[in-house]
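For reference, structure-v1.pdb (PDB, C-alpha atoms, pLDDT in the B column):
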ATOM      1  CA  MET A   1      15.573  57.240 205.774  1.00 91.00           C
ATOM      2  CA  ILE A   2      18.791  55.463 206.816  1.00 95.00           C
ATOM      3  CA  LEU A   3      22.050  57.042 205.683  1.00 94.00           C
ATOM      4  CA  SER A   4      24.176  55.164 203.152  1.00 96.00           C
ATOM      5  CA  ALA A   5      27.961  54.938 203.127  1.00 95.00           C
ATOM      6  CA  ALA A   6      28.026  57.590 200.398  1.00 94.00           C
ATOM      7  CA  GLU A   7      26.015  59.986 202.573  1.00 93.00           C
ATOM      8  CA  PHE A   8      28.281  59.268 205.585  1.00 92.00           C
ATOM      9  CA  ALA A   9      31.259  60.181 203.369  1.00 91.00           C
ATOM     10  CA  ARG A  10      29.609  63.335 202.020  1.00 91.00           C
ATOM     11  CA  ARG A  11      28.632  64.601 205.463  1.00 92.00           C
ATOM     12  CA  THR A  12      31.924  63.799 207.201  1.00 91.00           C
ATOM     13  CA  GLY A  13      33.726  65.556 204.333  1.00 87.00           C
ATOM     14  CA  LEU A  14      31.935  68.864 204.857  1.00 84.00           C
ATOM     15  CA  ALA A  15      34.136  71.620 206.262  1.00 80.00           C
ATOM     16  CA  ASP A  16      31.313  73.151 208.276  1.00 82.00           C
ATOM     17  CA  GLY A  17      27.591  73.716 208.196  1.00 83.00           C
ATOM     18  CA  ALA A  18      24.288  72.440 209.503  1.00 80.00           C
ATOM     19  CA  GLU A  19      24.610  69.018 207.807  1.00 88.00           C
ATOM     20  CA  ARG A  20      28.180  68.265 208.987  1.00 92.00           C
ATOM     21  CA  LEU A  21      28.668  64.882 210.680  1.00 95.00           C
ATOM     22  CA  VAL A  22      31.752  64.402 212.855  1.00 95.00           C
ATOM     23  CA  ILE A  23      33.229  60.955 213.572  1.00 97.00           C
ATOM     24  CA  ARG A  24      36.750  61.295 214.933  1.00 96.00           C
ATOM     25  CA  PRO A  25      38.919  59.327 214.412  1.00 96.00           C
ATOM     26  CA  TYR A  26      37.168  58.139 211.255  1.00 95.00           C
ATOM     27  CA  SER A  27      38.204  54.766 209.836  1.00 95.00           C
ATOM     28  CA  SER A  28      37.229  53.660 206.336  1.00 93.00           C
ATOM     29  CA  GLY A  29      37.459  50.069 207.627  1.00 95.00           C
ATOM     30  CA  SER A  30      34.561  50.810 209.995  1.00 97.00           C
ATOM     31  CA  GLN A  31      32.281  52.181 207.271  1.00 96.00           C
ATOM     32  CA  GLN A  32      29.574  49.701 206.283  1.00 97.00           C
ATOM     33  CA  PRO A  33      26.969  50.066 203.501  1.00 97.00           C
ATOM     34  CA  ALA A  34      24.359  51.589 205.857  1.00 97.00           C
ATOM     35  CA  SER A  35      26.104  51.935 209.233  1.00 97.00           C
ATOM     36  CA  TYR A  36      29.392  52.761 210.927  1.00 97.00           C
ATOM     37  CA  ASP A  37      31.184  50.342 213.275  1.00 98.00           C
ATOM     38  CA  LEU A  38      32.144  52.003 216.550  1.00 98.00           C
ATOM     39  CA  ARG A  39      35.357  50.805 218.192  1.00 98.00           C
ATOM     40  CA  ALA A  40      36.260  50.138 221.813  1.00 97.00           C
ATOM     41  CA  ALA A  41      38.325  52.876 223.470  1.00 97.00           C
ATOM     42  CA  ASP A  42      39.652  50.478 226.128  1.00 96.00           C
ATOM     43  CA  GLU A  43      40.328  46.789 226.662  1.00 97.00           C
ATOM     44  CA  ILE A  44      37.814  45.171 228.992  1.00 96.00           C
ATOM     45  CA  SER A  45      36.782  41.730 230.154  1.00 96.00           C
ATOM     46  CA  LEU A  46      33.049  41.022 230.300  1.00 96.00           C
ATOM     47  CA  PRO A  47      32.391  38.537 233.123  1.00 95.00           C
ATOM     48  CA  LEU A  48      29.372  36.251 232.857  1.00 95.00           C
ATOM     49  CA  GLY A  49      26.118  37.912 233.865  1.00 92.00           C
ATOM     50  CA  SER A  50      27.689  41.350 234.128  1.00 88.00           C
ATOM     51  CA  CYS A  51      26.806  44.753 232.728  1.00 91.00           C
ATOM     52  CA  THR A  52      29.892  46.816 231.882  1.00 94.00           C
ATOM     53  CA  LEU A  53      30.194  50.360 230.532  1.00 94.00           C
ATOM     54  CA  LEU A  54      32.622  50.887 227.672  1.00 96.00           C
ATOM     55  CA  PRO A  55      33.372  54.173 225.882  1.00 96.00           C
ATOM     56  CA  THR A  56      33.721  54.255 222.127  1.00 96.00           C
ATOM     57  CA  LEU A  57      37.004  55.336 220.606  1.00 97.00           C
ATOM     58  CA  GLU A  58      35.135  57.762 218.364  1.00 97.00           C
ATOM     59  CA  TRP A  59      34.029  61.268 219.244  1.00 97.00           C
ATOM     60  CA  VAL A  60      30.674  61.808 217.496  1.00 97.00           C
ATOM     61  CA  GLU A  61      28.833  65.027 216.671  1.00 95.00           C
ATOM     62  CA  LEU A  62      25.394  64.661 215.115  1.00 95.00           C
ATOM     63  CA  PRO A  63      23.841  67.581 213.228  1.00 94.00           C
ATOM     64  CA  MET A  64      20.279  68.616 213.962  1.00 93.00           C
ATOM     65  CA  ASP A  65      18.790  66.504 211.157  1.00 93.00           C
ATOM     66  CA  LEU A  66      20.328  63.147 212.195  1.00 95.00           C
ATOM     67  CA  ALA A  67      19.674  60.684 215.034  1.00 95.00           C
ATOM     68  CA  GLY A  68      21.499  57.427 215.668  1.00 97.00           C
ATOM     69  CA  THR A  69      20.562  53.925 216.749  1.00 97.00           C
ATOM     70  CA  LEU A  70      23.264  51.723 218.296  1.00 97.00           C
ATOM     71  CA  ARG A  71      23.295  47.950 217.782  1.00 97.00           C
ATOM     72  CA  CYS A  72      25.679  45.257 218.954  1.00 96.00           C
ATOM     73  CA  ARG A  73      27.716  43.719 216.147  1.00 96.00           C
ATOM     74  CA  SER A  74      26.577  40.185 215.399  1.00 95.00           C
ATOM     75  CA  SER A  75      30.073  38.742 215.970  1.00 94.00           C
ATOM     76  CA  PHE A  76      29.712  39.690 219.656  1.00 95.00           C
ATOM     77  CA  GLY A  77      26.006  38.836 219.770  1.00 94.00           C
ATOM     78  CA  ARG A  78      26.800  35.258 218.743  1.00 95.00           C
ATOM     79  CA  ARG A  79      28.970  35.031 221.871  1.00 95.00           C
ATOM     80  CA  GLY A  80      26.135  36.211 224.131  1.00 96.00           C
ATOM     81  CA  VAL A  81      27.006  39.914 224.314  1.00 97.00           C
ATOM     82  CA  LEU A  82      24.037  42.285 224.324  1.00 96.00           C
ATOM     83  CA  LEU A  83      24.050  46.063 223.950  1.00 96.00           C
ATOM     84  CA  GLY A  84      21.577  47.740 226.289  1.00 91.00           C
ATOM     85  CA  GLY A  85      19.784  50.695 224.830  1.00 76.00           C
ATOM     86  CA  GLY A  86      21.347  52.905 222.309  1.00 89.00           C
ATOM     87  CA  PHE A  87      19.764  56.016 220.859  1.00 92.00           C
ATOM     88  CA  VAL A  88      21.705  59.171 220.008  1.00 94.00           C
ATOM     89  CA  ASP A  89      19.705  62.391 219.766  1.00 92.00           C
ATOM     90  CA  PRO A  90      20.273  65.151 217.201  1.00 94.00           C
ATOM     91  CA  GLY A  91      22.878  67.624 218.431  1.00 93.00           C
ATOM     92  CA  PHE A  92      24.762  65.112 220.604  1.00 93.00           C
ATOM     93  CA  ARG A  93      28.528  65.641 220.941  1.00 94.00           C
ATOM     94  CA  GLY A  94      30.940  63.319 222.699  1.00 94.00           C
ATOM     95  CA  GLN A  95      32.144  59.775 223.119  1.00 95.00           C
ATOM     96  CA  LEU A  96      29.324  57.267 223.341  1.00 95.00           C
ATOM     97  CA  THR A  97      29.012  54.969 226.351  1.00 93.00           C
ATOM     98  CA  LEU A  98      28.067  51.391 225.483  1.00 95.00           C
ATOM     99  CA  CYS A  99      26.312  49.271 228.125  1.00 94.00           C
ATOM    100  CA  LEU A 100      27.422  45.699 227.371  1.00 96.00           C
ATOM    101  CA  SER A 101      26.021  42.590 229.078  1.00 96.00           C
ATOM    102  CA  ASN A 102      27.459  39.097 228.822  1.00 97.00           C
ATOM    103  CA  LEU A 103      24.775  36.410 228.756  1.00 95.00           C
ATOM    104  CA  GLY A 104      27.056  33.860 227.090  1.00 94.00           C
ATOM    105  CA  LYS A 105      28.890  30.815 228.390  1.00 93.00           C
ATOM    106  CA  GLU A 106      32.354  32.344 228.796  1.00 95.00           C
ATOM    107  CA  VAL A 107      34.145  35.560 229.697  1.00 96.00           C
ATOM    108  CA  VAL A 108      34.410  37.808 226.640  1.00 96.00           C
ATOM    109  CA  VAL A 109      37.459  40.006 226.146  1.00 97.00           C
ATOM    110  CA  ILE A 110      37.035  43.163 224.089  1.00 97.00           C
ATOM    111  CA  ARG A 111      40.295  44.692 222.968  1.00 98.00           C
ATOM    112  CA  LYS A 112      40.953  48.346 222.265  1.00 98.00           C
ATOM    113  CA  ASP A 113      40.003  49.172 218.658  1.00 97.00           C
ATOM    114  CA  ASP A 114      37.659  46.137 218.348  1.00 97.00           C
ATOM    115  CA  ARG A 115      34.599  47.060 216.299  1.00 97.00           C
ATOM    116  CA  VAL A 116      31.914  46.381 218.885  1.00 97.00           C
ATOM    117  CA  ALA A 117      28.748  48.303 217.926  1.00 97.00           C
ATOM    118  CA  GLN A 118      27.080  49.602 214.784  1.00 97.00           C
ATOM    119  CA  MET A 119      25.722  53.132 214.561  1.00 98.00           C
ATOM    120  CA  VAL A 120      22.842  53.482 212.116  1.00 98.00           C
ATOM    121  CA  LEU A 121      21.997  57.102 211.278  1.00 97.00           C
ATOM    122  CA  HIS A 122      18.441  58.195 210.508  1.00 96.00           C
ATOM    123  CA  GLU A 123      17.179  61.402 208.985  1.00 94.00           C
ATOM    124  CA  VAL A 124      15.051  63.562 211.302  1.00 92.00           C
ATOM    125  CA  ARG A 125      12.347  65.484 209.444  1.00 89.00           C
ATOM    126  CA  ASN A 126      11.624  69.068 210.515  1.00 81.00           C
ATOM    127  CA  PRO A 127      14.246  69.129 213.273  1.00 71.00           C
ATOM    128  CA  GLY A 128      13.950  71.626 216.059  1.00 77.00           C
ATOM    129  CA  ILE A 129      15.145  70.663 219.520  1.00 74.00           C
ATOM    130  CA  LEU A 130      18.782  69.618 219.955  1.00 70.00           C
ATOM    131  CA  TYR A 131      20.195  67.376 222.677  1.00 62.00           C
ATOM    132  CA  ASN A 132      21.532  69.347 225.627  1.00 70.00           C
ATOM    133  CA  GLY A 133      21.556  66.756 228.406  1.00 64.00           C
ATOM    134  CA  ARG A 134      23.959  65.420 231.003  1.00 63.00           C
ATOM    135  CA  TYR A 135      25.972  63.378 228.513  1.00 63.00           C
ATOM    136  CA  GLN A 136      26.813  66.300 226.189  1.00 61.00           C
ATOM    137  CA  ASP A 137      30.589  66.567 225.565  1.00 53.00           C
ATOM    138  CA  SER A 138      31.186  63.310 227.463  1.00 66.00           C
ATOM    139  CA  LEU A 139      34.626  61.730 227.612  1.00 63.00           C
ATOM    140  CA  GLY A 140      35.086  58.106 228.634  1.00 69.00           C
ATOM    141  CA  ALA A 141      32.372  55.881 230.088  1.00 72.00           C
ATOM    142  CA  VAL A 142      29.683  57.938 231.817  1.00 69.00           C
ATOM    143  CA  GLY A 143      27.491  56.226 234.417  1.00 67.00           C
ATOM    144  CA  ALA A 144      23.743  56.576 234.701  1.00 61.00           C
ATOM    145  CA  LYS A 145      22.182  59.659 236.206  1.00 59.00           C
ATOM    146  CA  GLN A 146      20.279  59.251 239.455  1.00 57.00           C
ATOM    147  CA  LEU A 147      16.537  59.005 238.931  1.00 54.00           C
TER     148      LEU A 147
END
Using structure tokens, write down the structure from this file.
Amino acid sequence: MILSAAEFARRTGLADGAERLVIRPYSSGSQQPASYDLRAADEISLPLGSCTLLPTLEWVELPMDLAGTLRCRSSFGRRGVLLGGGFVDPGFRGQLTLCLSNLGKEVVVIRKDDRVAQMVLHEVRNPGILYNGRYQDSLGAVGAKQL
């Protein structure tokens, strides 16, 4: 099941508890019918053929029964910007790092506060294990771990 705007509102409005969803700072202008638009924390320029890491403005905390999928907004996709990967495990806390590639015909400038990616939240049935990896409590853009 994908969460609706009403369920986003209900869960972000909870004072505490196992179902509480945190998106801070929350913007009603970023709430879509079945997703939430994540904003750029910094201004960056995406050169042609590059892959650039960009942190989201929002701090996100997912409860144990929700997971997120990140998608590039179509307004950037039409300009050749692709979002690499994008899955957020239950229990994640922190700013999200977006990996943006420019396959278009011109340099793309992303300004601070631009809505750049959509976060779609999915219900996780019978949750058990929570995320506790390297990116927990991340601030700013976090590079890849060494394999």
Point to revise | Answer as a ChimeraX atom specification, residues within 10 Å of (23.2, 54.7, 218.0) using only C-alpha atoms | key: /A:35-36,38,67-72,85-89,96,98,117-122
Check your understanding: Looking at all atoms listed in the file, which of A:Leu48, A:Leu103, A:Leu54, A:Val60 is the one that sits closest to Pro25 of chain A?
Key ->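 Comparing A:Leu48, A:Leu103, A:Leu54, A:Val60 against Pro25 of chain A, the winner is A:Val60.
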Check your understanding: In Å, with one decimal, what is the gap from atom CA of Ala41 of chain A to atom CA of Ile129 of chain A?
Key ->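 Separation of atom CA of Ala41 of chain A and atom CA of Ile129 of chain A: 29.5 Å.
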Check your understanding: Which residues come within 12 Å of Leu21 of chain A, counting all atoms listed in the file, excluding same-chain residues fewer than 5 positions away, as a ChimeraX atom specification?
Key -> /A:3,7-16,26,59-68,90-93,121
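For the choices A:Val124, A:Val81, A:Ala34, A:Ala18, the atom-to-atom distance to Val109 of chain A is smallest for A:Val81 when using only C-alpha atoms.
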Excluding Thr97 of chain A and its own-chain neighbours fewer than 4 positions away, which residues fall within 7 Å of it when counting all atoms listed in the file? Please give them as a CSV table (one decimal) with C-alpha atoms, in the coordinates of the input.
chain,number,residue,atom,x,y,z
A,53,LEU,CA,30.2,50.4,230.5
A,54,LEU,CA,32.6,50.9,227.7
A,55,PRO,CA,33.4,54.2,225.9
A,56,THR,CA,33.7,54.3,222.1
A,141,ALA,CA,32.4,55.9,230.1
A,142,VAL,CA,29.7,57.9,231.8
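The shortest atom-to-atom distance to Pro33 of chain A, with all atoms listed in the file taken into account, belongs to A:Ala5 out of A:Lys112, A:Thr52, A:Ala5, A:Glu58.
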Exercise for review: Check what the PyMOL selection byres ((chain A and resi 50) around 12) selects in the file above and give those residues as a list in words.
Suggested key: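 When the PyMOL selection byres ((chain A and resi 50) around 12) is applied, the selected residues are Ile44, Ser45, Leu46, Pro47, Leu48, Gly49, Cys51, Thr52, Leu53, Gly80, Val81, Leu82, Leu83, Gly84, Cys99, Leu100, Ser101, Asn102, Leu103, Gly104, Glu106, Val107 and Val108 of chain A.
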Please rebuild segment 15-45 of chain A with N, CA and C atoms and give the result as a PDB file, in the frame of the given file.
ATOM      1  N   ALA A  15      33.262  70.802 205.415  1.00 80.00           N
ATOM      2  CA  ALA A  15      34.136  71.620 206.262  1.00 80.00           C
ATOM      3  C   ALA A  15      33.371  72.200 207.442  1.00 80.00           C
ATOM      4  N   ASP A  16      32.124  72.536 207.228  1.00 82.00           N
ATOM      5  CA  ASP A  16      31.313  73.151 208.276  1.00 82.00           C
ATOM      6  C   ASP A  16      29.875  73.155 207.791  1.00 82.00           C
ATOM      7  N   GLY A  17      28.972  73.567 208.618  1.00 83.00           N
ATOM      8  CA  GLY A  17      27.591  73.716 208.196  1.00 83.00           C
ATOM      9  C   GLY A  17      26.638  72.846 208.986  1.00 83.00           C
ATOM     10  N   ALA A  18      25.354  73.084 208.744  1.00 80.00           N
ATOM     11  CA  ALA A  18      24.288  72.440 209.503  1.00 80.00           C
ATOM     12  C   ALA A  18      24.208  70.935 209.264  1.00 80.00           C
ATOM     13  N   GLU A  19      24.704  70.446 208.123  1.00 88.00           N
ATOM     14  CA  GLU A  19      24.610  69.018 207.807  1.00 88.00           C
ATOM     15  C   GLU A  19      25.865  68.236 208.197  1.00 88.00           C
ATOM     16  N   ARG A  20      26.888  68.912 208.718  1.00 92.00           N
ATOM     17  CA  ARG A  20      28.180  68.265 208.987  1.00 92.00           C
ATOM     18  C   ARG A  20      28.057  67.197 210.071  1.00 92.00           C
ATOM     19  N   LEU A  21      28.585  66.013 209.767  1.00 95.00           N
ATOM     20  CA  LEU A  21      28.668  64.882 210.680  1.00 95.00           C
ATOM     21  C   LEU A  21      30.128  64.718 211.076  1.00 95.00           C
ATOM     22  N   VAL A  22      30.389  64.595 212.381  1.00 95.00           N
ATOM     23  CA  VAL A  22      31.752  64.402 212.855  1.00 95.00           C
ATOM     24  C   VAL A  22      31.872  63.008 213.471  1.00 95.00           C
ATOM     25  N   ILE A  23      32.830  62.232 212.977  1.00 97.00           N
ATOM     26  CA  ILE A  23      33.229  60.955 213.572  1.00 97.00           C
ATOM     27  C   ILE A  23      34.747  60.997 213.596  1.00 97.00           C
ATOM     28  N   ARG A  24      35.311  61.100 214.813  1.00 96.00           N
ATOM     29  CA  ARG A  24      36.750  61.295 214.933  1.00 96.00           C
ATOM     30  C   ARG A  24      37.328  60.369 215.996  1.00 96.00           C
ATOM     31  N   PRO A  25      38.285  59.529 215.719  1.00 96.00           N
ATOM     32  CA  PRO A  25      38.919  59.327 214.412  1.00 96.00           C
ATOM     33  C   PRO A  25      38.023  58.474 213.507  1.00 96.00           C
ATOM     34  N   TYR A  26      37.935  58.873 212.263  1.00 95.00           N
ATOM     35  CA  TYR A  26      37.168  58.139 211.255  1.00 95.00           C
ATOM     36  C   TYR A  26      38.057  57.051 210.671  1.00 95.00           C
ATOM     37  N   SER A  27      37.482  55.875 210.460  1.00 95.00           N
ATOM     38  CA  SER A  27      38.204  54.766 209.836  1.00 95.00           C
ATOM     39  C   SER A  27      37.380  54.213 208.677  1.00 95.00           C
ATOM     40  N   SER A  28      37.951  54.204 207.494  1.00 93.00           N
ATOM     41  CA  SER A  28      37.229  53.660 206.336  1.00 93.00           C
ATOM     42  C   SER A  28      36.907  52.183 206.541  1.00 93.00           C
ATOM     43  N   GLY A  29      37.722  51.479 207.332  1.00 95.00           N
ATOM     44  CA  GLY A  29      37.459  50.069 207.627  1.00 95.00           C
ATOM     45  C   GLY A  29      36.242  49.851 208.506  1.00 95.00           C
ATOM     46  N   SER A  30      35.762  50.907 209.155  1.00 97.00           N
ATOM     47  CA  SER A  30      34.561  50.810 209.995  1.00 97.00           C
ATOM     48  C   SER A  30      33.294  51.187 209.235  1.00 97.00           C
ATOM     49  N   GLN A  31      33.449  51.756 208.045  1.00 96.00           N
ATOM     50  CA  GLN A  31      32.281  52.181 207.271  1.00 96.00           C
ATOM     51  C   GLN A  31      31.632  50.969 206.612  1.00 96.00           C
ATOM     52  N   GLN A  32      30.366  50.773 206.880  1.00 97.00           N
ATOM     53  CA  GLN A  32      29.574  49.701 206.283  1.00 97.00           C
ATOM     54  C   GLN A  32      28.584  50.315 205.296  1.00 97.00           C
ATOM     55  N   PRO A  33      27.875  49.500 204.503  1.00 97.00           N
ATOM     56  CA  PRO A  33      26.969  50.066 203.501  1.00 97.00           C
ATOM     57  C   PRO A  33      25.900  51.011 204.058  1.00 97.00           C
ATOM     58  N   ALA A  34      25.399  50.733 205.279  1.00 97.00           N
ATOM     59  CA  ALA A  34      24.359  51.589 205.857  1.00 97.00           C
ATOM     60  C   ALA A  34      24.554  51.798 207.361  1.00 97.00           C
ATOM     61  N   SER A  35      25.802  51.710 207.818  1.00 97.00           N
ATOM     62  CA  SER A  35      26.104  51.935 209.233  1.00 97.00           C
ATOM     63  C   SER A  35      27.602  52.205 209.379  1.00 97.00           C
ATOM     64  N   TYR A  36      27.982  52.536 210.614  1.00 97.00           N
ATOM     65  CA  TYR A  36      29.392  52.761 210.927  1.00 97.00           C
ATOM     66  C   TYR A  36      29.710  51.956 212.172  1.00 97.00           C
ATOM     67  N   ASP A  37      30.779  51.156 212.127  1.00 98.00           N
ATOM     68  CA  ASP A  37      31.184  50.342 213.275  1.00 98.00           C
ATOM     69  C   ASP A  37      31.974  51.182 214.263  1.00 98.00           C
ATOM     70  N   LEU A  38      31.462  51.279 215.478  1.00 98.00           N
ATOM     71  CA  LEU A  38      32.144  52.003 216.550  1.00 98.00           C
ATOM     72  C   LEU A  38      33.119  51.071 217.246  1.00 98.00           C
ATOM     73  N   ARG A  39      34.286  51.615 217.613  1.00 98.00           N
ATOM     74  CA  ARG A  39      35.357  50.805 218.192  1.00 98.00           C
ATOM     75  C   ARG A  39      35.497  51.056 219.691  1.00 98.00           C
ATOM     76  N   ALA A  40      36.032  50.058 220.373  1.00 97.00           N
ATOM     77  CA  ALA A  40      36.260  50.138 221.813  1.00 97.00           C
ATOM     78  C   ALA A  40      37.435  51.069 222.105  1.00 97.00           C
ATOM     79  N   ALA A  41      37.250  51.967 223.077  1.00 97.00           N
ATOM     80  CA  ALA A  41      38.325  52.876 223.470  1.00 97.00           C
ATOM     81  C   ALA A  41      39.290  52.211 224.442  1.00 97.00           C
ATOM     82  N   ASP A  42      38.845  51.160 225.107  1.00 96.00           N
ATOM     83  CA  ASP A  42      39.652  50.478 226.128  1.00 96.00           C
ATOM     84  C   ASP A  42      39.551  48.973 225.937  1.00 96.00           C
ATOM     85  N   GLU A  43      40.457  48.245 226.592  1.00 97.00           N
ATOM     86  CA  GLU A  43      40.328  46.789 226.662  1.00 97.00           C
ATOM     87  C   GLU A  43      39.589  46.454 227.951  1.00 97.00           C
ATOM     88  N   ILE A  44      38.567  45.598 227.812  1.00 96.00           N
ATOM     89  CA  ILE A  44      37.814  45.171 228.992  1.00 96.00           C
ATOM     90  C   ILE A  44      37.531  43.684 228.903  1.00 96.00           C
ATOM     91  N   SER A  45      37.206  43.115 230.044  1.00 96.00           N
ATOM     92  CA  SER A  45      36.782  41.730 230.154  1.00 96.00           C
ATOM     93  C   SER A  45      35.332  41.755 230.622  1.00 96.00           C
TER      94      SER A  45
END
